[in-house]
Structure formats: structure tokens, C-alpha cells
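Novice: Contents of structure_39.pdb (PDB, C-alpha atoms):
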```
ATOM      1  CA  MET A   1     -24.274  28.604 -33.666
ATOM      2  CA  LYS A   2     -26.344  29.941 -36.505
ATOM      3  CA  LEU A   3     -30.055  29.390 -36.283
ATOM      4  CA  ASN A   4     -30.411  28.068 -39.832
ATOM      5  CA  TYR A   5     -28.109  25.096 -39.093
ATOM      6  CA  VAL A   6     -30.113  24.304 -35.961
ATOM      7  CA  ALA A   7     -33.327  24.399 -38.017
ATOM      8  CA  SER A   8     -31.905  22.088 -40.682
ATOM      9  CA  PHE A   9     -30.644  19.641 -38.042
ATOM     10  CA  ILE A  10     -34.014  19.590 -36.231
ATOM     11  CA  SER A  11     -35.777  19.065 -39.548
ATOM     12  CA  GLY A  12     -33.502  16.086 -40.264
ATOM     13  CA  LEU A  13     -34.162  14.647 -36.782
ATOM     14  CA  LEU A  14     -37.925  15.020 -37.216
ATOM     15  CA  PHE A  15     -37.826  13.484 -40.688
ATOM     16  CA  GLY A  16     -35.890  10.448 -39.432
ATOM     17  CA  ALA A  17     -38.165  10.059 -36.403
ATOM     18  CA  GLY A  18     -41.229  10.244 -38.664
ATOM     19  CA  LEU A  19     -39.849   7.490 -40.895
ATOM     20  CA  VAL A  20     -39.475   5.174 -37.873
ATOM     21  CA  VAL A  21     -42.881   6.024 -36.334
ATOM     22  CA  SER A  22     -44.649   5.527 -39.689
ATOM     23  CA  GLY A  23     -43.118   2.096 -40.253
ATOM     24  CA  MET A  24     -41.432   3.302 -43.451
ATOM     25  CA  ALA A  25     -37.983   2.488 -42.053
ATOM     26  CA  ASN A  26     -38.991  -1.151 -42.593
ATOM     27  CA  PRO A  27     -38.365  -2.116 -46.235
ATOM     28  CA  GLN A  28     -40.754  -5.057 -45.908
ATOM     29  CA  ARG A  29     -43.634  -2.671 -45.182
ATOM     30  CA  VAL A  30     -42.795  -0.438 -48.155
ATOM     31  CA  ARG A  31     -42.546  -3.464 -50.431
ATOM     32  CA  GLY A  32     -45.884  -4.585 -49.047
ATOM     33  CA  PHE A  33     -47.460  -1.400 -50.386
ATOM     34  CA  LEU A  34     -46.018  -2.101 -53.838
ATOM     35  CA  ASP A  35     -47.190  -5.738 -53.712
ATOM     36  CA  ILE A  36     -50.813  -5.170 -54.774
ATOM     37  CA  GLY A  37     -51.224  -8.735 -56.026
ATOM     38  CA  GLY A  38     -49.754 -10.276 -52.883
ATOM     39  CA  ALA A  39     -49.373  -9.352 -49.213
ATOM     40  CA  PHE A  40     -50.619  -5.785 -49.786
ATOM     41  CA  ASP A  41     -50.027  -3.311 -46.941
ATOM     42  CA  PRO A  42     -51.738   0.089 -47.350
ATOM     43  CA  THR A  43     -49.788   1.861 -44.558
ATOM     44  CA  LEU A  44     -47.728   3.987 -46.978
ATOM     45  CA  ALA A  45     -50.915   5.610 -48.270
ATOM     46  CA  PHE A  46     -51.666   6.891 -44.739
ATOM     47  CA  VAL A  47     -48.102   8.190 -44.427
ATOM     48  CA  MET A  48     -48.576  10.133 -47.663
ATOM     49  CA  MET A  49     -51.893  11.560 -46.430
ATOM     50  CA  GLY A  50     -50.322  12.830 -43.206
ATOM     51  CA  ALA A  51     -47.297  14.325 -44.951
ATOM     52  CA  LEU A  52     -49.298  15.927 -47.781
ATOM     53  CA  LEU A  53     -51.781  17.453 -45.344
ATOM     54  CA  ILE A  54     -49.041  19.298 -43.426
ATOM     55  CA  MET A  55     -47.118  20.272 -46.557
ATOM     56  CA  ALA A  56     -50.223  21.642 -48.296
ATOM     57  CA  LEU A  57     -50.601  23.992 -45.312
ATOM     58  CA  ALA A  58     -46.898  24.868 -45.498
ATOM     59  CA  TRP A  59     -47.191  25.886 -49.178
ATOM     60  CA  ARG A  60     -50.127  28.135 -48.286
ATOM     61  CA  THR A  61     -47.985  29.767 -45.600
ATOM     62  CA  GLN A  62     -45.064  30.078 -48.026
ATOM     63  CA  LYS A  63     -47.186  32.076 -50.472
ATOM     64  CA  LYS A  64     -47.786  34.708 -47.788
ATOM     65  CA  LEU A  65     -44.091  35.110 -46.953
ATOM     66  CA  SER A  66     -41.755  37.437 -48.846
ATOM     67  CA  HIS A  67     -38.743  35.383 -47.691
ATOM     68  CA  PRO A  68     -38.088  32.352 -45.427
ATOM     69  CA  LEU A  69     -37.877  33.215 -41.711
ATOM     70  CA  PHE A  70     -34.164  32.277 -41.377
ATOM     71  CA  SER A  71     -32.999  33.041 -44.895
ATOM     72  CA  THR A  72     -33.119  35.715 -47.570
ATOM     73  CA  SER A  73     -34.820  33.896 -50.450
ATOM     74  CA  PHE A  74     -36.757  30.774 -51.378
ATOM     75  CA  GLU A  75     -34.831  28.159 -53.371
ATOM     76  CA  ILE A  76     -37.735  26.520 -55.120
ATOM     77  CA  PRO A  77     -37.455  24.670 -58.445
ATOM     78  CA  LYS A  78     -38.723  26.696 -61.394
ATOM     79  CA  THR A  79     -41.630  25.345 -63.367
ATOM     80  CA  MET A  80     -40.136  23.158 -66.089
ATOM     81  CA  PRO A  81     -41.702  20.812 -68.624
ATOM     82  CA  VAL A  82     -41.913  17.060 -68.117
ATOM     83  CA  ASP A  83     -38.969  15.683 -70.094
ATOM     84  CA  TRP A  84     -37.335  12.355 -70.901
ATOM     85  CA  ARG A  85     -34.866  12.743 -68.036
ATOM     86  CA  LEU A  86     -37.661  13.026 -65.457
ATOM     87  CA  ILE A  87     -39.516  10.052 -66.942
ATOM     88  CA  SER A  88     -36.529   7.704 -67.326
ATOM     89  CA  GLY A  89     -35.179   8.719 -63.912
ATOM     90  CA  ALA A  90     -38.519   7.927 -62.260
ATOM     91  CA  ILE A  91     -38.686   4.540 -64.037
ATOM     92  CA  LEU A  92     -35.176   3.530 -62.847
ATOM     93  CA  PHE A  93     -35.898   4.839 -59.359
ATOM     94  CA  GLY A  94     -39.116   2.811 -59.197
ATOM     95  CA  VAL A  95     -37.329  -0.408 -60.203
ATOM     96  CA  GLY A  96     -34.782   0.064 -57.400
ATOM     97  CA  TRP A  97     -37.502   1.023 -54.927
ATOM     98  CA  GLY A  98     -39.498  -2.091 -55.783
ATOM     99  CA  LEU A  99     -36.474  -4.421 -55.708
ATOM    100  CA  ALA A 100     -35.493  -3.606 -52.126
ATOM    101  CA  GLY A 101     -38.357  -1.559 -50.660
ATOM    102  CA  LEU A 102     -35.891   1.242 -49.955
ATOM    103  CA  CYS A 103     -35.654   4.869 -50.971
ATOM    104  CA  PRO A 104     -33.031   7.414 -49.806
ATOM    105  CA  GLY A 105     -34.590   8.554 -46.481
ATOM    106  CA  PRO A 106     -35.320   5.105 -45.003
ATOM    107  CA  ALA A 107     -31.954   3.843 -46.267
ATOM    108  CA  LEU A 108     -30.119   6.542 -44.278
ATOM    109  CA  VAL A 109     -32.147   5.664 -41.157
ATOM    110  CA  GLY A 110     -31.211   2.050 -41.892
ATOM    111  CA  LEU A 111     -27.566   2.957 -41.268
ATOM    112  CA  VAL A 112     -28.377   2.987 -37.545
ATOM    113  CA  LEU A 113     -31.198   0.385 -37.423
ATOM    114  CA  ALA A 114     -29.763  -2.326 -39.690
ATOM    115  CA  PRO A 115     -26.249  -1.098 -40.515
ATOM    116  CA  LYS A 116     -24.813  -4.257 -42.096
ATOM    117  CA  LYS A 117     -27.557  -4.414 -44.720
ATOM    118  CA  ALA A 118     -28.200  -0.694 -45.165
ATOM    119  CA  ILE A 119     -24.547   0.144 -45.824
ATOM    120  CA  LEU A 120     -24.644  -1.968 -49.004
ATOM    121  CA  PHE A 121     -27.663  -0.087 -50.328
ATOM    122  CA  VAL A 122     -26.417   3.355 -49.235
ATOM    123  CA  GLY A 123     -22.932   2.737 -50.651
ATOM    124  CA  ALA A 124     -24.397   1.675 -53.989
ATOM    125  CA  MET A 125     -26.834   4.617 -53.945
ATOM    126  CA  ILE A 126     -23.996   7.113 -53.450
ATOM    127  CA  LEU A 127     -22.100   5.375 -56.250
ATOM    128  CA  GLY A 128     -25.178   5.728 -58.463
ATOM    129  CA  MET A 129     -25.352   9.443 -57.644
ATOM    130  CA  GLY A 130     -21.672   9.830 -58.475
ATOM    131  CA  LEU A 131     -22.180   7.940 -61.720
ATOM    132  CA  TYR A 132     -24.980  10.317 -62.627
ATOM    133  CA  ARG A 133     -22.773  13.320 -61.953
ATOM    134  CA  TRP A 134     -20.104  11.812 -64.228
ATOM    135  CA  VAL A 135     -22.649  11.368 -67.024
ATOM    136  CA  GLU A 136     -24.116  14.826 -66.404
ATOM    137  CA  GLN A 137     -20.671  16.407 -66.608
ATOM    138  CA  ARG A 138     -19.978  14.758 -69.965
ATOM    139  CA  LEU A 139     -23.391  15.488 -71.409
ATOM    140  CA  PHE A 140     -23.758  19.070 -70.308
ATOM    141  CA  SER A 141     -20.297  20.561 -69.816
ATOM    142  CA  LYS A 142     -20.164  21.641 -73.479
ATOM    143  CA  SER A 143     -23.400  23.603 -73.357
ATOM    144  CA  LEU A 144     -22.347  25.190 -70.041
ATOM    145  CA  ASN A 145     -19.018  26.336 -71.481
ATOM    146  CA  GLN A 146     -20.763  27.999 -74.381
ATOM    147  CA  ASN A 147     -22.851  30.153 -72.079
TER     148      ASN A 147
ATOM    149  CA  MET B   1     -59.507  -8.411 -47.035
ATOM    150  CA  MET B   2     -59.336  -8.554 -43.226
ATOM    151  CA  GLU B   3     -55.707  -9.686 -43.209
ATOM    152  CA  ILE B   4     -54.721  -6.491 -45.017
ATOM    153  CA  TRP B   5     -55.945  -4.429 -42.078
ATOM    154  CA  ASN B   6     -54.245  -6.763 -39.607
ATOM    155  CA  ARG B   7     -50.950  -5.921 -41.276
ATOM    156  CA  ALA B   8     -51.558  -2.199 -41.799
ATOM    157  CA  GLN B   9     -50.728   0.472 -39.242
ATOM    158  CA  PRO B  10     -52.875   3.383 -40.425
ATOM    159  CA  LEU B  11     -52.595   5.467 -37.243
ATOM    160  CA  GLN B  12     -48.817   5.107 -36.893
ATOM    161  CA  GLY B  13     -48.506   5.736 -40.623
ATOM    162  CA  PHE B  14     -50.572   8.919 -40.482
ATOM    163  CA  THR B  15     -48.757  10.200 -37.359
ATOM    164  CA  GLY B  16     -45.318   9.495 -38.805
ATOM    165  CA  GLY B  17     -46.443  11.015 -42.085
ATOM    166  CA  MET B  18     -47.385  14.240 -40.310
ATOM    167  CA  MET B  19     -43.930  14.287 -38.682
ATOM    168  CA  ILE B  20     -42.309  13.905 -42.119
ATOM    169  CA  GLY B  21     -44.591  16.649 -43.456
ATOM    170  CA  ALA B  22     -43.655  18.900 -40.526
ATOM    171  CA  ALA B  23     -39.950  18.314 -41.203
ATOM    172  CA  CYS B  24     -40.442  19.351 -44.848
ATOM    173  CA  ALA B  25     -42.548  22.332 -43.711
ATOM    174  CA  LEU B  26     -39.729  23.549 -41.407
ATOM    175  CA  MET B  27     -37.246  23.381 -44.269
ATOM    176  CA  LEU B  28     -39.593  25.345 -46.525
ATOM    177  CA  VAL B  29     -40.857  28.028 -44.151
ATOM    178  CA  LEU B  30     -37.656  28.585 -42.141
ATOM    179  CA  LEU B  31     -34.970  27.977 -44.765
ATOM    180  CA  GLY B  32     -36.814  28.222 -48.072
ATOM    181  CA  ARG B  33     -35.606  24.816 -49.169
ATOM    182  CA  ILE B  34     -37.121  21.622 -50.509
ATOM    183  CA  ALA B  35     -36.601  18.669 -48.135
ATOM    184  CA  GLY B  36     -35.857  16.128 -50.846
ATOM    185  CA  VAL B  37     -33.539  13.536 -49.313
ATOM    186  CA  SER B  38     -31.809  12.498 -52.556
ATOM    187  CA  GLY B  39     -31.047  16.104 -53.494
ATOM    188  CA  LEU B  40     -29.850  16.989 -49.987
ATOM    189  CA  LEU B  41     -27.662  13.866 -49.819
ATOM    190  CA  ALA B  42     -26.073  14.658 -53.183
ATOM    191  CA  ARG B  43     -25.408  18.251 -52.058
ATOM    192  CA  ALA B  44     -24.078  17.134 -48.661
ATOM    193  CA  LEU B  45     -21.541  14.916 -50.454
ATOM    194  CA  LYS B  46     -20.738  17.457 -53.176
ATOM    195  CA  LEU B  47     -22.084  15.032 -55.780
ATOM    196  CA  THR B  48     -23.634  17.813 -57.798
ATOM    197  CA  TYR B  49     -22.497  19.448 -60.994
ATOM    198  CA  PRO B  50     -20.892  21.893 -60.560
ATOM    199  CA  PRO B  51     -19.747  20.699 -57.103
ATOM    200  CA  ALA B  52     -20.465  23.063 -54.209
ATOM    201  CA  LEU B  53     -20.238  22.724 -50.446
ATOM    202  CA  ASP B  54     -23.689  22.721 -48.833
ATOM    203  CA  LEU B  55     -23.410  22.624 -45.032
ATOM    204  CA  LEU B  56     -27.152  23.026 -44.451
ATOM    205  CA  ALA B  57     -27.755  19.862 -46.468
ATOM    206  CA  LEU B  58     -25.003  18.034 -44.566
ATOM    207  CA  VAL B  59     -26.535  18.966 -41.211
ATOM    208  CA  PHE B  60     -29.958  17.679 -42.331
ATOM    209  CA  ILE B  61     -28.436  14.402 -43.569
ATOM    210  CA  LEU B  62     -26.652  13.886 -40.223
ATOM    211  CA  GLY B  63     -29.842  14.595 -38.286
ATOM    212  CA  LEU B  64     -31.937  12.093 -40.209
ATOM    213  CA  PRO B  65     -30.435   8.800 -38.914
ATOM    214  CA  LEU B  66     -29.994  10.302 -35.427
ATOM    215  CA  GLY B  67     -33.710  11.156 -35.274
ATOM    216  CA  GLY B  68     -34.505   7.592 -36.318
ATOM    217  CA  LEU B  69     -32.177   6.155 -33.674
ATOM    218  CA  PHE B  70     -33.573   8.417 -30.958
ATOM    219  CA  ILE B  71     -37.237   7.565 -31.549
ATOM    220  CA  ASN B  72     -36.335   3.878 -31.918
ATOM    221  CA  GLN B  73     -34.923   3.971 -28.365
ATOM    222  CA  ILE B  74     -38.059   5.660 -27.046
ATOM    223  CA  ILE B  75     -40.784   3.549 -28.636
ATOM    224  CA  GLY B  76     -38.784   0.312 -28.473
ATOM    225  CA  SER B  77     -36.998  -1.301 -31.391
ATOM    226  CA  VAL B  78     -39.231  -1.288 -34.447
ATOM    227  CA  GLU B  79     -39.327  -4.210 -36.842
ATOM    228  CA  VAL B  80     -36.925  -3.715 -39.743
ATOM    229  CA  ILE B  81     -36.771  -6.537 -42.293
ATOM    230  CA  TYR B  82     -34.266  -6.095 -45.122
ATOM    231  CA  PRO B  83     -33.887  -8.200 -48.273
ATOM    232  CA  ASN B  84     -31.662 -11.250 -47.731
ATOM    233  CA  GLU B  85     -29.815 -10.995 -51.015
ATOM    234  CA  ASP B  86     -26.908  -8.565 -50.973
ATOM    235  CA  LEU B  87     -26.991  -8.406 -54.766
ATOM    236  CA  ILE B  88     -30.560  -7.087 -54.638
ATOM    237  CA  LEU B  89     -29.563  -4.390 -52.128
ATOM    238  CA  ILE B  90     -26.602  -3.278 -54.227
ATOM    239  CA  SER B  91     -28.404  -3.189 -57.570
ATOM    240  CA  ALA B  92     -31.413  -1.458 -55.996
ATOM    241  CA  GLY B  93     -29.115   1.145 -54.429
ATOM    242  CA  LEU B  94     -27.450   1.903 -57.761
ATOM    243  CA  LEU B  95     -30.816   2.318 -59.494
ATOM    244  CA  VAL B  96     -32.262   4.481 -56.713
ATOM    245  CA  GLY B  97     -29.209   6.768 -56.581
ATOM    246  CA  PHE B  98     -28.861   7.192 -60.343
ATOM    247  CA  GLY B  99     -32.612   7.364 -60.988
ATOM    248  CA  ALA B 100     -33.316   9.922 -58.254
ATOM    249  CA  ARG B 101     -30.653  12.285 -59.636
ATOM    250  CA  LEU B 102     -31.696  11.803 -63.262
ATOM    251  CA  GLY B 103     -35.353  12.313 -62.351
ATOM    252  CA  SER B 104     -34.565  15.315 -60.090
ATOM    253  CA  GLY B 105     -36.029  13.796 -56.948
ATOM    254  CA  CYS B 106     -37.261  10.866 -54.921
ATOM    255  CA  THR B 107     -40.177   9.940 -52.676
ATOM    256  CA  SER B 108     -39.707  12.995 -50.450
ATOM    257  CA  GLY B 109     -38.859  15.680 -53.026
ATOM    258  CA  HIS B 110     -41.455  14.671 -55.618
ATOM    259  CA  GLY B 111     -43.835  12.543 -53.529
ATOM    260  CA  VAL B 112     -44.226  14.900 -50.556
ATOM    261  CA  CYS B 113     -42.896  18.396 -51.372
ATOM    262  CA  GLY B 114     -43.805  18.454 -55.087
ATOM    263  CA  LEU B 115     -47.174  16.680 -54.941
ATOM    264  CA  SER B 116     -48.414  18.963 -52.162
ATOM    265  CA  ARG B 117     -47.567  21.930 -54.396
ATOM    266  CA  LEU B 118     -49.342  20.255 -57.353
ATOM    267  CA  SER B 119     -46.189  20.440 -59.476
ATOM    268  CA  LEU B 120     -46.831  18.747 -62.819
ATOM    269  CA  ARG B 121     -43.318  17.271 -62.915
ATOM    270  CA  SER B 122     -43.762  15.806 -59.426
ATOM    271  CA  ILE B 123     -47.199  14.387 -60.265
ATOM    272  CA  PHE B 124     -45.644  12.640 -63.292
ATOM    273  CA  ALA B 125     -42.546  11.467 -61.394
ATOM    274  CA  THR B 126     -44.545  10.092 -58.448
ATOM    275  CA  GLY B 127     -47.059   8.336 -60.703
ATOM    276  CA  ILE B 128     -44.286   6.818 -62.803
ATOM    277  CA  PHE B 129     -42.074   5.568 -59.970
ATOM    278  CA  MET B 130     -45.083   4.063 -58.222
ATOM    279  CA  LEU B 131     -46.162   2.219 -61.382
ATOM    280  CA  SER B 132     -42.572   1.158 -61.957
ATOM    281  CA  GLY B 133     -42.387  -0.102 -58.356
ATOM    282  CA  PHE B 134     -45.676  -2.029 -58.685
ATOM    283  CA  ALA B 135     -44.435  -3.600 -61.938
ATOM    284  CA  THR B 136     -41.066  -4.551 -60.426
ATOM    285  CA  VAL B 137     -42.626  -6.290 -57.432
ATOM    286  CA  ALA B 138     -45.190  -8.046 -59.654
ATOM    287  CA  LEU B 139     -42.454  -9.233 -62.031
ATOM    288  CA  MET B 140     -40.324 -10.517 -59.154
ATOM    289  CA  ARG B 141     -43.348 -12.406 -57.830
ATOM    290  CA  SER B 142     -44.081 -13.997 -61.213
ATOM    291  CA  LEU B 143     -40.436 -15.049 -61.559
ATOM    292  CA  GLY B 144     -40.554 -16.560 -58.083
ATOM    293  CA  LEU B 145     -37.964 -14.104 -56.746
ATOM    294  CA  SER B 146     -38.406 -12.862 -53.218
ATOM    295  CA  SER B 147     -36.282  -9.981 -52.052
TER     296      SER B 147
END
```
Represent the supplied structure as C-alpha cells.

Specialist:
Amino acid sequence: MKLNYVASFISGLLFGAGLVVSGMANPQRVRGFLDIGGAFDPTLAFVMMGALLIMALAWRTQKKLSHPLFSTSFEIPKTMPVDWRLISGAILFGVGWGLAGLCPGPALVGLVLAPKKAILFVGAMILGMGLYRWVEQRLFSKSLNQN
Amino acid sequence: MMEIWNRAQPLQGFTGGMMIGAACALMLVLLGRIAGVSGLLARALKLTYPPALDLLALVFILGLPLGGLFINQIIGSVEVIYPNEDLILISAGLLVGFGARLGSGCTSGHGVCGLSRLSLRSIFATGIFMLSGFATVALMRSLGLSS
């Protein structure tokens, strides 16, 4: 078995475990964070602090590496301007996040913790991703063909 | 004010957050990849344009719920409260899936990996989806809708 698959699997395991430990697998707690006028729950802010602390260190380490330990090159998004797609995507995402208190990671963990409910969200989320690809294909296939 | 801190779980949140950060750090330092769950899910399911098979992404996506299940067995079943209305779950899922792809990321990709790198796009995306989430929950409250 190749080491890079093992690393990706372990990373997924750790991510899922972290979501459960942090309480973020519970949509009610996430919604509580977004409910500043009501039953506000600040836990998500502590989750962000913990995650950002470790990742800030990871980016510092990354700068010192010429390539990832198990791979030949870094696949990191290039610096691009803030555009209407980013802004409208974030708005739509936020509406969905607020409606249910779910984002992609916790929803996938939900498939094992609350399968009957989570499957509805995850199914619709995959459909939404497919719908986006359909739109993307129609919007951008022309410009790709010209290249 | 006191009741807020009765609800909150700052220590669990911070610990789980560090686990999530460590998972993202492994992906970056070992594999050179961004641990954004929406992007990895789309790649695992070939919902990208152009479509391409991404086994590393698939392995991560399989690990995520298993890690959640495993830790849930160890620390005892955590509380998971989902919205009652199926229609809310489905519409939220559609918005989250479409919005995350349009906006090039979700809570993990922008909120953890991008913010910690001080990416301008991620700072904008995270700020916007949080505001959009706050507004959605506030609007639902004023309309007397609970999730």
C-alpha cells in the first residue's frame, strides 16, 4: 500500500474525530454560534482558534519545504482576485449553513451518527455540486475550447 | 451571560479544533494538498470539470465518517440534534453544495486552510459566509421559523 493513501486516510480519520470531539458534528451547536441574538454558543470560535493555531505552524513548515514529504509538488491555489463567483458562492453557502447548521465535513460525519437525517442533506449537497458542474460546463466550455 | 458559558464547551472545542488543524497540516506537509472537504468530496465523486479520478480525495472522504464513528464509540455517544424539517435539510444541502463549489471552498478550505495562510480570497469568503449565516438564522428567528 502506498504511503500517500495511508496519510490521506489518517488525515480523514483525524478530521472526522476532531469534528466529533469539538462538538461541531452537532448541527444545533453550530447553529447556536450563528444565533447571536438568541441562544448563542461560542464553542465554534474555540474550534477555529485550535485549528488555525496548528495550521499557521503548518504553513510556516511548508515554506521551508521544497516539496511535500510524500509527493513531488505542492498543489496550492494560486493567488487570484476576489470575484463575483467567490462572493455569491459564499453568500449561498452561508444561507445553507445557517438554515441547517451543517457544512460538508460535519454532514459526512452525520452519515454515521444520524444517518436518516444526514443522508437528506448529503444527497442534496452532492446534487448541488453536480448542478454547479453542469453550470460550469456550460459557462466555461467555450473559453476552454478556444485555448 | 452566564448561560452562554453553561452551553459552551471551550476546552472540547479547542482540542477538537487542534485535531482538525492537525488533519489539515498532515494533508499539506505530507501530500501538498488543501484539506477542504467540499473540494475533496467533489473530486472523490468526479464532480469536477473536467472530471478526473482522484483516489487520494476518495480515501480522505472515506476516512472522515469512520474517524467520527470511532471517536464516538470511545468517548460515548455525543449529542447530535438535527433540524426536524426534511425540507430545511434538503434546501440547505443544495445551497451548501452549490455555494461551496461556486465560492471555491467551505468552512475547512477557506475557514481553516485559507485563513491560516492569510489568503485574501479566504478572508473574504469566510467573512461573507459567516455574515450570511448570522443573517439567515436571525431572519428565521424573526419569521418564527425554527430549524

Novice: On this file, the PyMOL selection byres ((chain B and resi 56) around 8) gives some set of residues; write that set as a list in words.

Specialist: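 Checking the PyMOL selection byres ((chain B and resi 56) around 8) against this file, the residues are Asn4, Tyr5 and Ser8 of chain A; Ala44, Asp54, Leu55, Ala57, Leu58, Val59 and Phe60 of chain B.
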
Novice: Taking the file above as input, evaluate the PyMOL selection byres ((chain B and resi 97) around 7) and report the hits as a short mmCIF file (atom, residue, chain, number, x, y, z; two decimals) with C-alpha atoms, in the frame of the given file.

Specialist:
```cif
data_model
loop_
_atom_site.label_atom_id
_atom_site.label_comp_id
_atom_site.auth_asym_id
_atom_site.auth_seq_id
_atom_site.Cartn_x
_atom_site.Cartn_y
_atom_site.Cartn_z
CA MET A 125 -26.83 4.62 -53.94
CA ILE A 126 -24.00 7.11 -53.45
CA GLY A 128 -25.18 5.73 -58.46
CA MET A 129 -25.35 9.44 -57.64
CA GLY B 93 -29.12 1.14 -54.43
CA LEU B 94 -27.45 1.90 -57.76
CA LEU B 95 -30.82 2.32 -59.49
CA VAL B 96 -32.26 4.48 -56.71
CA PHE B 98 -28.86 7.19 -60.34
CA GLY B 99 -32.61 7.36 -60.99
CA ALA B 100 -33.32 9.92 -58.25
CA ARG B 101 -30.65 12.28 -59.64
#
```

Novice: Might you spell out which residues the PyMOL selection byres ((chain B and resi 102) around 12) would select in the displayed file, as a ChimeraX atom specification?

Specialist: /A:83-93,128-136 /B:38-39,42,48,95-101,103-106,125

Novice: What's the separation between atom CA of B:Ile88 and atom CA of A:Leu44, in Å to one decimal place?

Specialist: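 Atom CA of A:Leu44 lies at a distance of 21.8 Å from atom CA of B:Ile88.
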
Novice: Quick one: of A:Pro68, A:Pro115, A:Gly38, A:Gly32, who's nearest to chain B, counting all atoms listed in the file?

Specialist: A:Pro68

Novice: Hey, can you check how far atom CA of A:Gly23 sits from atom CA of B:Ala135?

Specialist: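 Answer for the atom CA of A:Gly23 to atom CA of B:Ala135 separation: 22.5 Å.
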
Novice: Which residue out of B:Leu62, B:Ala35, B:Leu89, B:Leu143 has the minimum interatomic distance to B:Thr107 when all atoms listed in the file are used?

Specialist: B:Ala35

Novice: Residues at most 7 Å from A:Leu34, counting all atoms listed in the file, excluding those fewer than 6 positions away in the same chain, as a compact mmCIF listing (two decimals) with C-alpha atoms, in the coordinates of the input?

Specialist:
```txt
# COMPACT_ATOMS: atom_id res chain seq x y z
CA GLY A 98 -39.50 -2.09 -55.78
CA GLY B 133 -42.39 -0.10 -58.36
CA PHE B 134 -45.68 -2.03 -58.68
CA VAL B 137 -42.63 -6.29 -57.43
```

Novice: A:Thr79, A:Val21, A:Arg31, A:Gln62: which is nearest B:Arg141, counting all atoms listed in the file?

Specialist: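 Smallest separation from B:Arg141 among the options: A:Arg31.
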
Novice: What gap, in Å, lies between atom CA of A:Met24 and atom CA of B:Val112?

Specialist: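 Computed distance, atom CA of A:Met24 to atom CA of B:Val112, equals 13.9 Å.
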
Novice: How would you write as a compact mmCIF listing (two decimals) with C-alpha atoms, keeping the file's coordinate frame the residues that get within 8 Å of (-34.4, -3.7, -52.1) in the file's frame, counting all atoms listed in the file?

Specialist:
```txt
# COMPACT_ATOMS: atom_id res chain seq x y z
CA PRO A 27 -38.36 -2.12 -46.24
CA GLY A 96 -34.78 0.06 -57.40
CA TRP A 97 -37.50 1.02 -54.93
CA GLY A 98 -39.50 -2.09 -55.78
CA LEU A 99 -36.47 -4.42 -55.71
CA ALA A 100 -35.49 -3.61 -52.13
CA GLY A 101 -38.36 -1.56 -50.66
CA LEU A 102 -35.89 1.24 -49.96
CA PHE A 121 -27.66 -0.09 -50.33
CA TYR B 82 -34.27 -6.10 -45.12
CA PRO B 83 -33.89 -8.20 -48.27
CA ILE B 88 -30.56 -7.09 -54.64
CA LEU B 89 -29.56 -4.39 -52.13
CA ALA B 92 -31.41 -1.46 -56.00
CA GLY B 93 -29.12 1.14 -54.43
CA SER B 147 -36.28 -9.98 -52.05
```
